[in-house]
Each structure stands twice: as structure tokens, then as C-alpha cells.
>>> print(open('structure.pdb').read())   # PDB, C-alpha atoms
ATOM      1  CA  MET I   1     108.943 112.764 100.681  1.00  0.00           C
ATOM      2  CA  ILE I   2     107.306 109.582 101.987  1.00  0.00           C
ATOM      3  CA  LEU I   3     109.011 107.090  99.623  1.00  0.00           C
ATOM      4  CA  ALA I   4     112.094 107.029  97.465  1.00  0.00           C
ATOM      5  CA  ASP I   5     111.262 108.220  93.950  1.00  0.00           C
ATOM      6  CA  ASP I   6     112.262 104.887  92.445  1.00  0.00           C
ATOM      7  CA  ALA I   7     110.294 102.687  94.889  1.00  0.00           C
ATOM      8  CA  ASP I   8     108.944  99.597  93.095  1.00  0.00           C
ATOM      9  CA  GLU I   9     105.140  99.392  93.379  1.00  0.00           C
ATOM     10  CA  GLU I  10     105.179  95.646  93.964  1.00  0.00           C
ATOM     11  CA  ILE I  11     107.695  96.022  96.795  1.00  0.00           C
ATOM     12  CA  VAL I  12     105.590  98.833  98.263  1.00  0.00           C
ATOM     13  CA  GLU I  13     102.565  96.501  98.297  1.00  0.00           C
ATOM     14  CA  ILE I  14     104.601  93.751  99.979  1.00  0.00           C
ATOM     15  CA  PHE I  15     105.870  96.246 102.564  1.00  0.00           C
ATOM     16  CA  ILE I  16     102.333  97.417 103.336  1.00  0.00           C
ATOM     17  CA  GLU I  17     101.118  93.818 103.793  1.00  0.00           C
ATOM     18  CA  GLU I  18     104.078  93.085 106.065  1.00  0.00           C
ATOM     19  CA  ALA I  19     103.595  96.313 108.019  1.00  0.00           C
ATOM     20  CA  VAL I  20      99.926  95.491 108.647  1.00  0.00           C
ATOM     21  CA  GLU I  21     100.931  92.016 109.907  1.00  0.00           C
ATOM     22  CA  VAL I  22     103.607  93.519 112.166  1.00  0.00           C
ATOM     23  CA  LEU I  23     101.092  96.024 113.516  1.00  0.00           C
ATOM     24  CA  ALA I  24      98.713  93.165 114.383  1.00  0.00           C
ATOM     25  CA  GLU I  25     101.538  91.376 116.233  1.00  0.00           C
ATOM     26  CA  LEU I  26     102.392  94.550 118.123  1.00  0.00           C
ATOM     27  CA  HIS I  27      98.753  94.956 119.155  1.00  0.00           C
ATOM     28  CA  GLU I  28      98.746  91.360 120.393  1.00  0.00           C
ATOM     29  CA  TYR I  29     102.101  91.225 122.173  1.00  0.00           C
ATOM     30  CA  LEU I  30     102.514  94.726 123.639  1.00  0.00           C
ATOM     31  CA  PRO I  31      99.558  94.230 126.023  1.00  0.00           C
ATOM     32  CA  GLN I  32     101.022  90.848 127.038  1.00  0.00           C
ATOM     33  CA  TRP I  33     104.370  92.440 127.801  1.00  0.00           C
ATOM     34  CA  LYS I  34     102.692  95.315 129.677  1.00  0.00           C
ATOM     35  CA  ALA I  35     100.779  92.776 131.787  1.00  0.00           C
ATOM     36  CA  ASN I  36     103.942  90.795 132.520  1.00  0.00           C
ATOM     37  CA  ASN I  37     107.189  92.722 132.132  1.00  0.00           C
ATOM     38  CA  ASP I  38     109.115  89.446 132.531  1.00  0.00           C
ATOM     39  CA  ASP I  39     107.504  87.955 129.392  1.00  0.00           C
ATOM     40  CA  GLU I  40     110.640  87.717 127.258  1.00  0.00           C
ATOM     41  CA  GLU I  41     108.795  86.252 124.267  1.00  0.00           C
ATOM     42  CA  ALA I  42     106.380  89.185 124.126  1.00  0.00           C
ATOM     43  CA  LEU I  43     109.302  91.604 124.548  1.00  0.00           C
ATOM     44  CA  ALA I  44     111.184  89.898 121.705  1.00  0.00           C
ATOM     45  CA  VAL I  45     108.151  90.055 119.381  1.00  0.00           C
ATOM     46  CA  VAL I  46     107.601  93.760 120.117  1.00  0.00           C
ATOM     47  CA  ARG I  47     111.269  94.560 119.505  1.00  0.00           C
ATOM     48  CA  ARG I  48     111.350  92.476 116.327  1.00  0.00           C
ATOM     49  CA  GLY I  49     108.243  94.283 115.045  1.00  0.00           C
ATOM     50  CA  PHE I  50     109.902  97.670 115.290  1.00  0.00           C
ATOM     51  CA  HIS I  51     113.137  96.189 113.894  1.00  0.00           C
ATOM     52  CA  THR I  52     111.276  94.808 110.860  1.00  0.00           C
ATOM     53  CA  LEU I  53     109.512  98.100 110.176  1.00  0.00           C
ATOM     54  CA  LYS I  54     112.820  99.948 110.501  1.00  0.00           C
ATOM     55  CA  GLY I  55     114.712  97.711 108.117  1.00  0.00           C
ATOM     56  CA  SER I  56     111.957  97.260 105.552  1.00  0.00           C
ATOM     57  CA  GLY I  57     111.078 100.946 105.663  1.00  0.00           C
ATOM     58  CA  ARG I  58     114.669 102.001 105.078  1.00  0.00           C
ATOM     59  CA  LEU I  59     115.076  99.441 102.292  1.00  0.00           C
ATOM     60  CA  LEU I  60     111.969 100.824 100.601  1.00  0.00           C
ATOM     61  CA  GLY I  61     113.130 104.403 101.019  1.00  0.00           C
ATOM     62  CA  ALA I  62     110.295 105.145 103.468  1.00  0.00           C
ATOM     63  CA  GLU I  63     112.584 107.119 105.718  1.00  0.00           C
ATOM     64  CA  MET I  64     109.971 108.377 108.179  1.00  0.00           C
ATOM     65  CA  ILE I  65     108.626 104.949 109.143  1.00  0.00           C
ATOM     66  CA  GLY I  66     112.208 103.637 109.182  1.00  0.00           C
ATOM     67  CA  GLU I  67     113.470 106.344 111.529  1.00  0.00           C
ATOM     68  CA  PHE I  68     110.311 106.297 113.639  1.00  0.00           C
ATOM     69  CA  SER I  69     110.604 102.534 114.132  1.00  0.00           C
ATOM     70  CA  TRP I  70     114.316 102.816 114.929  1.00  0.00           C
ATOM     71  CA  LYS I  71     113.598 105.208 117.807  1.00  0.00           C
ATOM     72  CA  PHE I  72     111.339 102.616 119.441  1.00  0.00           C
ATOM     73  CA  GLU I  73     113.561  99.647 118.636  1.00  0.00           C
ATOM     74  CA  ASN I  74     116.452 101.535 120.240  1.00  0.00           C
ATOM     75  CA  MET I  75     114.360 102.314 123.314  1.00  0.00           C
ATOM     76  CA  ILE I  76     113.464  98.617 123.668  1.00  0.00           C
ATOM     77  CA  ASN I  77     117.096  97.606 123.103  1.00  0.00           C
ATOM     78  CA  HIS I  78     118.002  99.708 126.151  1.00  0.00           C
ATOM     79  CA  ILE I  79     115.416  97.758 128.181  1.00  0.00           C
ATOM     80  CA  ILE I  80     116.860  94.442 126.960  1.00  0.00           C
ATOM     81  CA  ASP I  81     120.397  95.644 127.772  1.00  0.00           C
ATOM     82  CA  LYS I  82     119.148  96.740 131.213  1.00  0.00           C
ATOM     83  CA  LYS I  83     120.352 100.303 130.628  1.00  0.00           C
ATOM     84  CA  ILE I  84     116.893 101.600 131.518  1.00  0.00           C
ATOM     85  CA  THR I  85     113.866 100.160 133.292  1.00  0.00           C
ATOM     86  CA  VAL I  86     110.258  99.887 132.200  1.00  0.00           C
ATOM     87  CA  SER I  87     107.997 102.700 133.412  1.00  0.00           C
ATOM     88  CA  GLU I  88     104.499 104.022 132.849  1.00  0.00           C
ATOM     89  CA  SER I  89     105.991 106.689 130.560  1.00  0.00           C
ATOM     90  CA  PHE I  90     107.725 103.974 128.556  1.00  0.00           C
ATOM     91  CA  PHE I  91     104.493 102.088 127.914  1.00  0.00           C
ATOM     92  CA  HIS I  92     102.544 105.283 127.288  1.00  0.00           C
ATOM     93  CA  VAL I  93     105.002 106.261 124.536  1.00  0.00           C
ATOM     94  CA  LEU I  94     104.801 102.750 123.031  1.00  0.00           C
ATOM     95  CA  ASP I  95     100.991 102.952 123.032  1.00  0.00           C
ATOM     96  CA  GLU I  96     101.217 106.301 121.254  1.00  0.00           C
ATOM     97  CA  ALA I  97     103.629 104.788 118.720  1.00  0.00           C
ATOM     98  CA  LEU I  98     101.152 102.010 117.980  1.00  0.00           C
ATOM     99  CA  ALA I  99      98.475 104.650 117.401  1.00  0.00           C
ATOM    100  CA  VAL I 100     100.725 106.486 114.900  1.00  0.00           C
ATOM    101  CA  LEU I 101     101.988 103.470 112.939  1.00  0.00           C
ATOM    102  CA  PRO I 102      98.727 102.999 110.963  1.00  0.00           C
ATOM    103  CA  GLN I 103      98.991 106.646 109.898  1.00  0.00           C
ATOM    104  CA  LEU I 104     102.568 106.097 108.705  1.00  0.00           C
ATOM    105  CA  ILE I 105     101.423 103.062 106.728  1.00  0.00           C
ATOM    106  CA  GLU I 106      98.606 105.137 105.218  1.00  0.00           C
ATOM    107  CA  GLN I 107     101.159 107.727 104.124  1.00  0.00           C
ATOM    108  CA  ILE I 108     102.996 105.025 102.199  1.00  0.00           C
ATOM    109  CA  LYS I 109      99.704 104.078 100.540  1.00  0.00           C
ATOM    110  CA  GLY I 110      99.452 107.671  99.326  1.00  0.00           C
ATOM    111  CA  ASN I 111      97.478 109.395 102.070  1.00  0.00           C
ATOM    112  CA  ARG I 112      99.613 112.469 102.749  1.00  0.00           C
ATOM    113  CA  GLU I 113      97.887 113.743 105.882  1.00  0.00           C
ATOM    114  CA  PRO I 114     100.504 115.137 108.271  1.00  0.00           C
ATOM    115  CA  ILE I 115     100.917 113.433 111.633  1.00  0.00           C
ATOM    116  CA  ASP I 116     100.900 116.040 114.373  1.00  0.00           C
ATOM    117  CA  ASN I 117     102.811 114.439 117.221  1.00  0.00           C
ATOM    118  CA  ILE I 118     105.378 112.346 115.364  1.00  0.00           C
ATOM    119  CA  ALA I 119     108.426 114.502 116.154  1.00  0.00           C
ATOM    120  CA  GLN I 120     107.369 114.701 119.808  1.00  0.00           C
ATOM    121  CA  LEU I 121     106.956 110.922 120.010  1.00  0.00           C
ATOM    122  CA  MET I 122     110.373 110.338 118.468  1.00  0.00           C
ATOM    123  CA  ALA I 123     111.938 112.816 120.913  1.00  0.00           C
ATOM    124  CA  SER I 124     110.176 111.061 123.802  1.00  0.00           C
ATOM    125  CA  ALA I 125     111.552 107.688 122.667  1.00  0.00           C
ATOM    126  CA  ASP I 126     115.070 109.183 122.528  1.00  0.00           C
ATOM    127  CA  ALA I 127     114.679 110.683 126.006  1.00  0.00           C
ATOM    128  CA  LEU I 128     113.423 107.420 127.490  1.00  0.00           C
ATOM    129  CA  ALA I 129     116.236 105.470 125.788  1.00  0.00           C
ATOM    130  CA  GLU I 130     118.686 107.821 127.496  1.00  0.00           C
ATOM    131  CA  GLY I 131     117.035 107.212 130.865  1.00  0.00           C
ATOM    132  CA  ARG I 132     115.260 110.572 131.029  1.00  0.00           C
ATOM    133  CA  ASP I 133     111.564 110.779 131.876  1.00  0.00           C
ATOM    134  CA  VAL I 134     109.041 112.423 129.584  1.00  0.00           C
TER     135      VAL I 134
END
>>> encode(input="structure.pdb", output="C-alpha cells")
Amino acid sequence: MILADDADEEIVEIFIEEAVEVLAELHEYLPQWKANNDDEEALAVVRRGFHTLKGSGRLLGAEMIGEFSWKFENMINHIIDKKITVSESFFHVLDEALAVLPQLIEQIKGNREPIDNIAQLMASADALAEGRDV
């Protein structure tokens, strides 16, 4: 199930618009943060993007995008809390997440194509958040 059975169509449309805007911000700010790991504004925007998708997705009943986004928000929270450090693996997994997000949004629109590597990406985010390499 992609959405809760009782999801309001108007709210779904608003979520999709918001998700597309968040995705654009992520595509703008993630490269900035990758280029300068000390760019706290870019880091904050990237974290907030995943936070927004998590919260809005869960509110809508779109559990997959909510849980997916939480995995990456949590990973970034561990960077902010200095529990883990940025690595090539970290950015590679974030790049992969950005490639998958449009597919998750398409699923909400009604395109039910399965996403092959989603479970692997979520597991990688968990591993990196725990300080393990992937």
C-alpha cells in the first residue's frame, strides 16, 4: 500500500507539490554541502528536506516515503550531533536517495512500479547512522 485508504486527494496533490519543491532544494543544496562540508546552511536545508518528506509522508499515510526519508534524516542527525563523520559512502548513499525520491513521489501519483534498491538504501542509511561503512 502506497497511501492510506482514506487519503484526501487534495492533500495528496499538496504533498506532491511540496515533495517536488523539496526535491529541487535537495538537488540544489546537497552539492553545495558536498563541496563544503562546513556549510551549515546547506546541511540544515538538506536535513529539513528529509524531515519535511518524513513528516508529510507519514501524515498522508505514505509510509514508504515517510520511513525512507526518516532513515536519511536520522543519518544526517548523527552528522549534526557529531556521532559520525561525513564520508564518500555517506554522500554516495545520499545521491542514491535523491535518485529514488522521484520514484517514490511517482508511486504516490499512482505509478506502482517497484523500486529495486529501496530496502538496500534504507539499510545503508541505518548502517552509516550507526557508524558502520557500506
>>> residues_around(input="structure.pdb", residues="Asp133 (chain I)", least_positions_apart="6", cutoff="12 Å", atoms="only C-alpha atoms", output="list in words")
Ile84, Thr85, Val86, Ser87, Glu88, Ser89, Phe90, Phe91, His92, Val93, Ala123, Ser124, Ala125, Asp126 and Ala127 of chain I
>>> residues_around(input="structure.pdb", residues="region 1-15 of chain I", least_positions_apart="2", cutoff="7 Å", atoms="all atoms listed in the file", output="number ranges by chain")
I: 17-19, 56, 60-64, 107-108
>>> atom_distance(input="structure.pdb", atom1="CA of Lys109 (chain I)", atom2="CA of Arg47 (chain I)")
24.2 Å
>>> atom_distance(input="structure.pdb", atom1="CA of Lys34 (chain I)", atom2="CA of Met122 (chain I)")
20.3 Å
>>> closest_residue(input="structure.pdb", among="I:Leu26, I:Leu43, I:Ile79, I:Leu59", to="Leu128 (chain I)", atoms="all atoms listed in the file")
I:Ile79
>>> closest_residue(input="structure.pdb", among="I:Gly55, I:Gly131, I:Pro102, I:Pro114", to="Ala24 (chain I)", atoms="only C-alpha atoms")
I:Pro102
>>> closest_residue(input="structure.pdb", among="I:Ile105, I:Arg48, I:Gln120, I:Asp95", to="Pro31 (chain I)", atoms="all atoms listed in the file")
I:Asp95
>>> atom_distance(input="structure.pdb", atom1="CA of Glu21 (chain I)", atom2="CA of Asn36 (chain I)")
22.8 Å
>>> resolve_selection(input="structure.pdb", expression="the PyMOL selection byres ((chain I and resi 42) around 8)", output="MDAnalysis selection string")
chainID I and resid 29:30 32:33 39:41 43:46
